[in-house]
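> Handing over start.pdb, PDB, C-alpha atoms.
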```pdb
ATOM      1  CA  MET A   1       0.000   0.000   0.000
ATOM      2  CA  THR A   2       1.238   3.467  -0.844
ATOM      3  CA  GLY A   3       0.813   6.452   1.459
ATOM      4  CA  SER A   4      -0.365   9.907   0.428
ATOM      5  CA  ASP A   5       3.236  10.981  -0.227
ATOM      6  CA  GLY A   6       3.858   8.123  -2.703
ATOM      7  CA  VAL A   7       6.111   6.068  -0.394
ATOM      8  CA  ASP A   8       5.276   2.390   0.077
ATOM      9  CA  ASP A   9       4.079   1.777   3.660
ATOM     10  CA  ASP A  10       6.198  -1.400   3.993
ATOM     11  CA  LYS A  11       9.264   0.534   2.890
ATOM     12  CA  ARG A  12       8.446   3.334   5.327
ATOM     13  CA  ALA A  13       8.119   0.815   8.193
ATOM     14  CA  THR A  14      11.468  -0.743   7.307
ATOM     15  CA  LEU A  15      13.169   2.643   7.114
ATOM     16  CA  ARG A  16      11.677   3.755  10.429
ATOM     17  CA  ARG A  17      12.773   0.547  12.144
ATOM     18  CA  PHE A  18      16.382   1.009  11.092
ATOM     19  CA  ALA A  19      16.283   4.812  11.445
ATOM     20  CA  ALA A  20      15.563   4.286  15.145
ATOM     21  CA  LEU A  21      18.849   2.396  15.352
ATOM     22  CA  GLY A  22      20.509   5.113  13.298
ATOM     23  CA  ALA A  23      19.490   7.690  15.886
ATOM     24  CA  ALA A  24      22.181   6.240  18.126
ATOM     25  CA  SER A  25      24.767   6.110  15.358
ATOM     26  CA  PRO A  26      27.705   8.415  14.561
ATOM     27  CA  LEU A  27      25.430  10.121  12.018
ATOM     28  CA  VAL A  28      23.495  11.950  14.735
ATOM     29  CA  GLY A  29      24.117  15.648  14.422
ATOM     30  CA  ARG A  30      25.864  15.282  11.064
ATOM     31  CA  SER A  31      22.936  15.346   8.686
ATOM     32  CA  ASP A  32      22.269  18.696   7.110
ATOM     33  CA  SER A  33      18.990  20.536   7.526
ATOM     34  CA  ALA A  34      18.246  20.367   3.793
ATOM     35  CA  ALA A  35      18.239  16.574   3.963
ATOM     36  CA  ALA A  36      15.929  16.642   6.961
ATOM     37  CA  ASP A  37      13.542  19.000   5.152
ATOM     38  CA  THR A  38      13.322  16.715   2.114
ATOM     39  CA  GLY A  39      12.954  13.489   4.080
ATOM     40  CA  GLU A  40      16.264  12.131   2.744
ATOM     41  CA  SER A  41      17.575  11.679   6.267
ATOM     42  CA  ASP A  42      15.080   8.822   6.854
ATOM     43  CA  ALA A  43      16.908   6.636   4.357
ATOM     44  CA  ARG A  44      20.309   7.874   5.532
ATOM     45  CA  ASP A  45      19.484   7.233   9.186
ATOM     46  CA  ALA A  46      18.078   3.828   8.230
ATOM     47  CA  ILE A  47      21.323   2.902   6.462
ATOM     48  CA  ALA A  48      23.396   4.063   9.439
ATOM     49  CA  GLY A  49      21.186   2.076  11.808
ATOM     50  CA  TYR A  50      21.302  -0.960   9.559
ATOM     51  CA  LEU A  51      25.097  -0.880   9.416
ATOM     52  CA  SER A  52      25.349  -0.560  13.193
ATOM     53  CA  THR A  53      23.523  -3.907  13.477
ATOM     54  CA  THR A  54      24.775  -5.512  10.243
ATOM     55  CA  PRO A  55      28.437  -4.495   9.890
ATOM     56  CA  GLY A  56      30.147  -5.623   6.732
ATOM     57  CA  ALA A  57      26.959  -5.756   4.676
ATOM     58  CA  HIS A  58      27.522  -5.355   0.961
ATOM     59  CA  PHE A  59      25.745  -2.898  -1.305
ATOM     60  CA  SER A  60      23.051  -5.246  -2.649
ATOM     61  CA  LYS A  61      22.154  -6.526   0.804
ATOM     62  CA  ILE A  62      21.727  -2.973   2.118
ATOM     63  CA  ARG A  63      19.636  -1.998  -0.898
ATOM     64  CA  ASP A  64      17.443  -5.093  -0.775
ATOM     65  CA  ASP A  65      16.968  -5.300   2.999
ATOM     66  CA  LEU A  66      16.024  -1.623   3.253
ATOM     67  CA  GLN A  67      13.891  -1.776   0.094
ATOM     68  CA  LEU A  68      15.727   1.139  -1.505
ATOM     69  CA  GLY A  69      16.413   1.786  -5.163
ATOM     70  CA  THR A  70      19.930   1.361  -6.548
ATOM     71  CA  GLY A  71      20.475   5.074  -7.181
ATOM     72  CA  GLU A  72      18.951   6.026  -3.842
ATOM     73  CA  THR A  73      21.235   3.586  -2.019
ATOM     74  CA  GLN A  74      24.298   4.810  -3.904
ATOM     75  CA  HIS A  75      23.438   8.427  -3.120
ATOM     76  CA  HIS A  76      22.961   7.894   0.600
ATOM     77  CA  LEU A  77      25.995   5.645   1.002
ATOM     78  CA  ARG A  78      28.134   8.231  -0.782
ATOM     79  CA  ARG A  79      26.716  11.007   1.412
ATOM     80  CA  LEU A  80      27.331   8.978   4.600
ATOM     81  CA  GLU A  81      30.921   8.418   3.487
ATOM     82  CA  GLU A  82      31.340  12.160   2.887
ATOM     83  CA  LEU A  83      30.039  12.769   6.418
ATOM     84  CA  ASP A  84      32.584  10.235   7.748
ATOM     85  CA  ALA A  85      29.727   8.261   9.291
ATOM     86  CA  ILE A  86      30.548   5.032   7.419
ATOM     87  CA  GLU A  87      33.512   3.418   5.705
ATOM     88  CA  ARG A  88      33.601   1.342   2.540
ATOM     89  CA  TYR A  89      36.137  -1.411   1.962
ATOM     90  CA  ARG A  90      36.777  -4.035  -0.689
ATOM     91  CA  ASP A  91      36.278  -7.716   0.100
ATOM     92  CA  GLY A  92      36.919  -9.665  -3.080
ATOM     93  CA  ASP A  93      34.122  -8.765  -5.471
ATOM     94  CA  TYR A  94      32.098  -7.038  -2.757
ATOM     95  CA  LYS A  95      32.038  -3.470  -1.523
ATOM     96  CA  ARG A  96      31.270  -3.775   2.183
ATOM     97  CA  PHE A  97      30.260  -1.021   4.583
ATOM     98  CA  VAL A  98      30.776  -0.483   8.303
ATOM     99  CA  THR A  99      30.260   2.306  10.805
ATOM    100  CA  ALA A 100      33.284   4.623  10.634
ATOM    101  CA  ASP A 101      36.200   4.137  13.026
ATOM    102  CA  ARG A 102      34.642   1.041  14.567
ATOM    103  CA  PHE A 103      36.629  -1.830  13.014
ATOM    104  CA  ASP A 104      40.329  -2.306  12.270
ATOM    105  CA  GLU A 105      41.589  -4.062   9.125
ATOM    106  CA  PHE A 106      41.735  -7.494  10.790
ATOM    107  CA  GLU A 107      38.142  -7.150  12.013
ATOM    108  CA  LYS A 108      36.953  -6.024   8.576
ATOM    109  CA  GLY A 109      38.576  -9.116   7.072
ATOM    110  CA  ALA A 110      36.932 -11.307   9.706
ATOM    111  CA  LEU A 111      33.539  -9.727   8.970
ATOM    112  CA  GLY A 112      33.929 -10.631   5.311
ATOM    113  CA  TYR A 113      34.498 -14.294   6.146
ATOM    114  CA  LEU A 114      31.703 -14.338   8.700
ATOM    115  CA  ARG A 115      29.317 -13.018   6.037
ATOM    116  CA  ARG A 116      30.065 -16.034   3.802
ATOM    117  CA  GLU A 117      28.168 -19.236   4.543
ATOM    118  CA  THR A 118      30.936 -21.838   4.230
ATOM    119  CA  PRO A 119      33.757 -20.051   6.105
ATOM    120  CA  ARG A 120      31.290 -18.982   8.819
ATOM    121  CA  GLY A 121      30.062 -22.565   9.130
ATOM    122  CA  MET A 122      33.617 -23.851   9.367
ATOM    123  CA  LEU A 123      34.481 -21.432  12.162
ATOM    124  CA  ILE A 124      31.303 -22.268  14.072
ATOM    125  CA  GLU A 125      31.898 -26.013  13.704
ATOM    126  CA  LEU A 126      35.481 -25.599  14.916
ATOM    127  CA  LEU A 127      34.338 -23.559  17.907
ATOM    128  CA  LEU A 128      31.925 -26.376  18.785
ATOM    129  CA  ASN A 129      34.427 -29.145  18.059
ATOM    130  CA  ALA A 130      38.063 -28.045  17.930
ATOM    131  CA  ASP A 131      39.151 -31.568  16.942
ATOM    132  CA  ALA A 132      36.994 -31.679  13.795
ATOM    133  CA  THR A 133      38.818 -32.884  10.699
ATOM    134  CA  ALA A 134      38.449 -31.457   7.205
ATOM    135  CA  GLY A 135      36.200 -34.431   6.412
ATOM    136  CA  ASP A 136      34.053 -33.693   9.466
ATOM    137  CA  LEU A 137      33.689 -30.076   8.349
ATOM    138  CA  ALA A 138      32.834 -31.100   4.776
ATOM    139  CA  ASP A 139      30.158 -33.500   6.050
ATOM    140  CA  ALA A 140      28.699 -31.004   8.525
ATOM    141  CA  LEU A 141      28.498 -28.239   5.925
ATOM    142  CA  ASP A 142      27.548 -30.449   2.969
ATOM    143  CA  VAL A 143      30.470 -29.192   0.876
ATOM    144  CA  SER A 144      33.372 -30.983  -0.783
ATOM    145  CA  PRO A 145      36.710 -31.549   0.998
ATOM    146  CA  PRO A 146      38.489 -29.321  -1.588
ATOM    147  CA  THR A 147      36.086 -26.486  -0.648
ATOM    148  CA  VAL A 148      36.998 -26.919   3.019
ATOM    149  CA  SER A 149      40.682 -26.979   2.083
ATOM    150  CA  LYS A 150      40.353 -23.796   0.014
ATOM    151  CA  TYR A 151      38.626 -21.862   2.795
ATOM    152  CA  ALA A 152      40.906 -23.304   5.480
ATOM    153  CA  GLY A 153      43.867 -21.817   3.598
ATOM    154  CA  GLU A 154      42.144 -18.454   3.275
ATOM    155  CA  LEU A 155      41.088 -18.418   6.943
ATOM    156  CA  GLU A 156      44.628 -19.327   8.015
ATOM    157  CA  ALA A 157      46.128 -16.583   5.837
ATOM    158  CA  ALA A 158      43.645 -14.114   7.348
ATOM    159  CA  GLY A 159      44.715 -15.109  10.862
ATOM    160  CA  LEU A 160      41.364 -16.665  11.760
ATOM    161  CA  LEU A 161      42.506 -20.283  11.803
ATOM    162  CA  SER A 162      45.685 -21.991  12.882
TER
END
```
Once more with this new file: its structure as structure tokens, please.

Amino acid sequence: MTGSDGVDDDKRATLRRFAALGAASPLVGRSDSAAADTGESDARDAIAGYLSTTPGAHFSKIRDDLQLGTGETQHHLRRLEELDAIERYRDGDYKRFVTADRFDEFEKGALGYLRRETPRGMLIELLLNADATAGDLADALDVSPPTVSKYAGELEAAGLLS
């Protein structure tokens, strides 16, 4: 359903939910009055709130979860970067975003692996059973042993596995 101002009510509810989280973010006090007058700060505050609870999210996930358009998401992410409220970093093919000055390079790398299903599953399995073999991990995660080997090497190189 669309409200009188042309904004989808589901989208508005999603933005408000995350904007409430954004109210406690580093963005507070940084948005300009022109943005507040045009309603742009709702989306910006929602993105800031979303990133405070979902650090390391990539562009498409932010866009899709907040029900924003591609251009709208790009605009607000760029503006938040200009305000030094968020940081963007490269993780393979992904552009990931975090709240500014909250994570060091090691933590950003760890977030990238924790956002991927197989490496995250491997780390969780190893936390539950430190003696698990590569075969145990492959069985538990329903992946091939070479996949476990590949990610084990990456996790070791990143300092997350020894």
> Evaluate the PyMOL selection byres ((chain A and resi 85) around 8) here and jot the selected residues down as a list in words.
Pro26, Leu27, Ala48, Leu80, Glu81, Glu82, Leu83, Asp84, Ile86, Glu87, Thr99 and Ala100 of chain A
> Could you write out as a ChimeraX atom specification the residues that the PyMOL selection byres ((chain A and resi 92) around 12) matches in the shown file?
/A:58,89-91,93-96,109,112-113,116
> Distance atom CA of A:Leu114-atom CA of A:Asp65, one decimal place?
18.2 Å
> How would you write, as a PyMOL selection string, the residues chosen by the PyMOL selection byres ((chain A and resi 75-77) around 8) on this structure?
chain A and resi 43-44+47+71-74+78-81+86
> What is the distance, in Å and to one decimal place, between atom CA of A:Gly56 and atom CA of A:Phe97?
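Those two atoms sit 5.1 Å apart.
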> Produce the centre coordinates and the three edge lengths, each in Å to one decimal, of the box along x, y and z that contains all listed atoms of stretch 79-87 of chain A with 6 Å added on each side, as lines of an AutoDock Vina configuration file.

```
center_x = 30.1
center_y = 8.1
center_z = 5.4
size_x = 18.8
size_y = 21.4
size_z = 19.9
```
> Between atom CA of A:Ile124 and atom CA of A:Phe103, what distance in Å does the model show, to one decimal?
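Between atom CA of A:Ile124 and atom CA of A:Phe103 the gap works out to 21.1 Å.
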> With all atoms listed in the file as the atoms that count, which of A:Pro146, A:Lys108, A:Glu117, A:Gly69 lies nearest to A:Pro55?
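Closest candidate: A:Lys108.
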> Nearest to A:Ala130 among A:Asp101, A:Ser149, A:Leu161, A:Glu154, with distances taken over all atoms listed in the file: which residue is it?
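Among A:Asp101, A:Ser149, A:Leu161, A:Glu154, it is A:Leu161 that comes nearest to A:Ala130.
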> Looking at A:Asp139, A:Thr118, A:Ala134, A:Glu105, which one is nearest to A:Gly159, with distances taken over all atoms listed in the file?
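Closest residue, counting all atoms listed in the file: A:Glu105.
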> So which residues touch A:Thr133 within 12 Å, counting all atoms listed in the file, skipping near sequence neighbours fewer than 3 positions away, as an MDAnalysis selection string?
chainID A and resid 122 125:126 129:130 136:140 145 148:149 152
> Would you write out those residues with C-alpha atoms, as an mmCIF file, in the coordinates of the input?

```cif
data_model
loop_
_atom_site.group_PDB
_atom_site.id
_atom_site.type_symbol
_atom_site.label_atom_id
_atom_site.label_comp_id
_atom_site.auth_asym_id
_atom_site.auth_seq_id
_atom_site.Cartn_x
_atom_site.Cartn_y
_atom_site.Cartn_z
ATOM 1 C CA MET A 122 33.617 -23.851 9.367
ATOM 2 C CA GLU A 125 31.898 -26.013 13.704
ATOM 3 C CA LEU A 126 35.481 -25.599 14.916
ATOM 4 C CA ASN A 129 34.427 -29.145 18.059
ATOM 5 C CA ALA A 130 38.063 -28.045 17.930
ATOM 6 C CA ASP A 136 34.053 -33.693 9.466
ATOM 7 C CA LEU A 137 33.689 -30.076 8.349
ATOM 8 C CA ALA A 138 32.834 -31.100 4.776
ATOM 9 C CA ASP A 139 30.158 -33.500 6.050
ATOM 10 C CA ALA A 140 28.699 -31.004 8.525
ATOM 11 C CA PRO A 145 36.710 -31.549 0.998
ATOM 12 C CA VAL A 148 36.998 -26.919 3.019
ATOM 13 C CA SER A 149 40.682 -26.979 2.083
ATOM 14 C CA ALA A 152 40.906 -23.304 5.480
#
```
> Please return stretch 102-137 of chain A, rebuilt to N, CA and C atoms, as a compact mmCIF listing (two decimals), in the coordinates of the input.

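Once everything was written out, this is part-v1.txt:
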```txt
# COMPACT_ATOMS: atom_id res chain seq x y z
N ARG A 102 35.10 2.05 13.62
CA ARG A 102 34.64 1.04 14.57
C ARG A 102 35.42 -0.26 14.45
N PHE A 103 35.96 -0.56 13.25
CA PHE A 103 36.63 -1.83 13.01
C PHE A 103 38.01 -1.59 12.42
N ASP A 104 39.00 -2.38 12.89
CA ASP A 104 40.33 -2.31 12.27
C ASP A 104 40.37 -3.24 11.06
N GLU A 105 41.49 -3.28 10.36
CA GLU A 105 41.59 -4.06 9.12
C GLU A 105 41.38 -5.55 9.38
N PHE A 106 41.93 -6.08 10.47
CA PHE A 106 41.74 -7.49 10.79
C PHE A 106 40.25 -7.79 11.00
N GLU A 107 39.57 -6.94 11.75
CA GLU A 107 38.14 -7.15 12.01
C GLU A 107 37.31 -7.05 10.74
N LYS A 108 37.67 -6.13 9.84
CA LYS A 108 36.95 -6.02 8.58
C LYS A 108 37.13 -7.30 7.76
N GLY A 109 38.34 -7.86 7.76
CA GLY A 109 38.58 -9.12 7.07
C GLY A 109 37.75 -10.24 7.68
N ALA A 110 37.72 -10.28 9.01
CA ALA A 110 36.93 -11.31 9.71
C ALA A 110 35.45 -11.17 9.37
N LEU A 111 34.95 -9.94 9.32
CA LEU A 111 33.54 -9.73 8.97
C LEU A 111 33.22 -10.30 7.59
N GLY A 112 34.13 -10.11 6.66
CA GLY A 112 33.93 -10.63 5.31
C GLY A 112 33.77 -12.14 5.32
N TYR A 113 34.62 -12.83 6.07
CA TYR A 113 34.50 -14.29 6.15
C TYR A 113 33.25 -14.72 6.91
N LEU A 114 32.90 -13.99 7.93
CA LEU A 114 31.70 -14.34 8.70
C LEU A 114 30.42 -14.09 7.91
N ARG A 115 30.48 -13.28 6.88
CA ARG A 115 29.32 -13.02 6.04
C ARG A 115 29.14 -14.10 4.97
N ARG A 116 30.14 -14.96 4.80
CA ARG A 116 30.06 -16.03 3.80
C ARG A 116 29.68 -17.34 4.49
N GLU A 117 28.75 -18.05 3.91
CA GLU A 117 28.17 -19.24 4.54
C GLU A 117 29.19 -20.32 4.90
N THR A 118 30.02 -20.72 3.96
CA THR A 118 30.94 -21.84 4.23
C THR A 118 32.02 -21.48 5.25
N PRO A 119 32.76 -20.37 5.09
CA PRO A 119 33.76 -20.05 6.10
C PRO A 119 33.14 -19.84 7.49
N ARG A 120 31.98 -19.19 7.53
CA ARG A 120 31.29 -18.98 8.82
C ARG A 120 30.94 -20.33 9.45
N GLY A 121 30.41 -21.24 8.64
CA GLY A 121 30.06 -22.56 9.13
C GLY A 121 31.28 -23.32 9.63
N MET A 122 32.39 -23.19 8.93
CA MET A 122 33.62 -23.85 9.37
C MET A 122 34.06 -23.33 10.73
N LEU A 123 34.05 -22.02 10.88
CA LEU A 123 34.48 -21.43 12.16
C LEU A 123 33.55 -21.84 13.30
N ILE A 124 32.26 -21.86 13.04
CA ILE A 124 31.30 -22.27 14.07
C ILE A 124 31.52 -23.73 14.45
N GLU A 125 31.66 -24.59 13.43
CA GLU A 125 31.90 -26.01 13.70
C GLU A 125 33.17 -26.21 14.52
N LEU A 126 34.22 -25.46 14.19
CA LEU A 126 35.48 -25.60 14.92
C LEU A 126 35.38 -25.05 16.34
N LEU A 127 34.56 -24.05 16.54
CA LEU A 127 34.34 -23.56 17.91
C LEU A 127 33.60 -24.60 18.74
N LEU A 128 32.69 -25.34 18.09
CA LEU A 128 31.92 -26.38 18.78
C LEU A 128 32.73 -27.65 18.97
N ASN A 129 33.63 -27.93 18.01
CA ASN A 129 34.43 -29.14 18.06
C ASN A 129 35.80 -28.83 17.49
N ALA A 130 36.72 -28.46 18.36
CA ALA A 130 38.06 -28.04 17.93
C ALA A 130 38.85 -29.18 17.28
N ASP A 131 38.45 -30.42 17.51
CA ASP A 131 39.15 -31.57 16.94
C ASP A 131 38.57 -32.03 15.61
N ALA A 132 37.62 -31.29 15.06
CA ALA A 132 36.99 -31.68 13.80
C ALA A 132 38.03 -31.72 12.69
N THR A 133 37.93 -32.75 11.86
CA THR A 133 38.82 -32.88 10.70
C THR A 133 38.19 -32.16 9.50
N ALA A 134 38.97 -32.05 8.43
CA ALA A 134 38.45 -31.46 7.20
C ALA A 134 37.25 -32.26 6.70
N GLY A 135 37.32 -33.58 6.82
CA GLY A 135 36.20 -34.43 6.41
C GLY A 135 34.96 -34.17 7.26
N ASP A 136 35.18 -34.00 8.57
CA ASP A 136 34.05 -33.69 9.47
C ASP A 136 33.39 -32.38 9.05
N LEU A 137 34.22 -31.39 8.75
CA LEU A 137 33.69 -30.08 8.35
C LEU A 137 32.92 -30.19 7.03
```
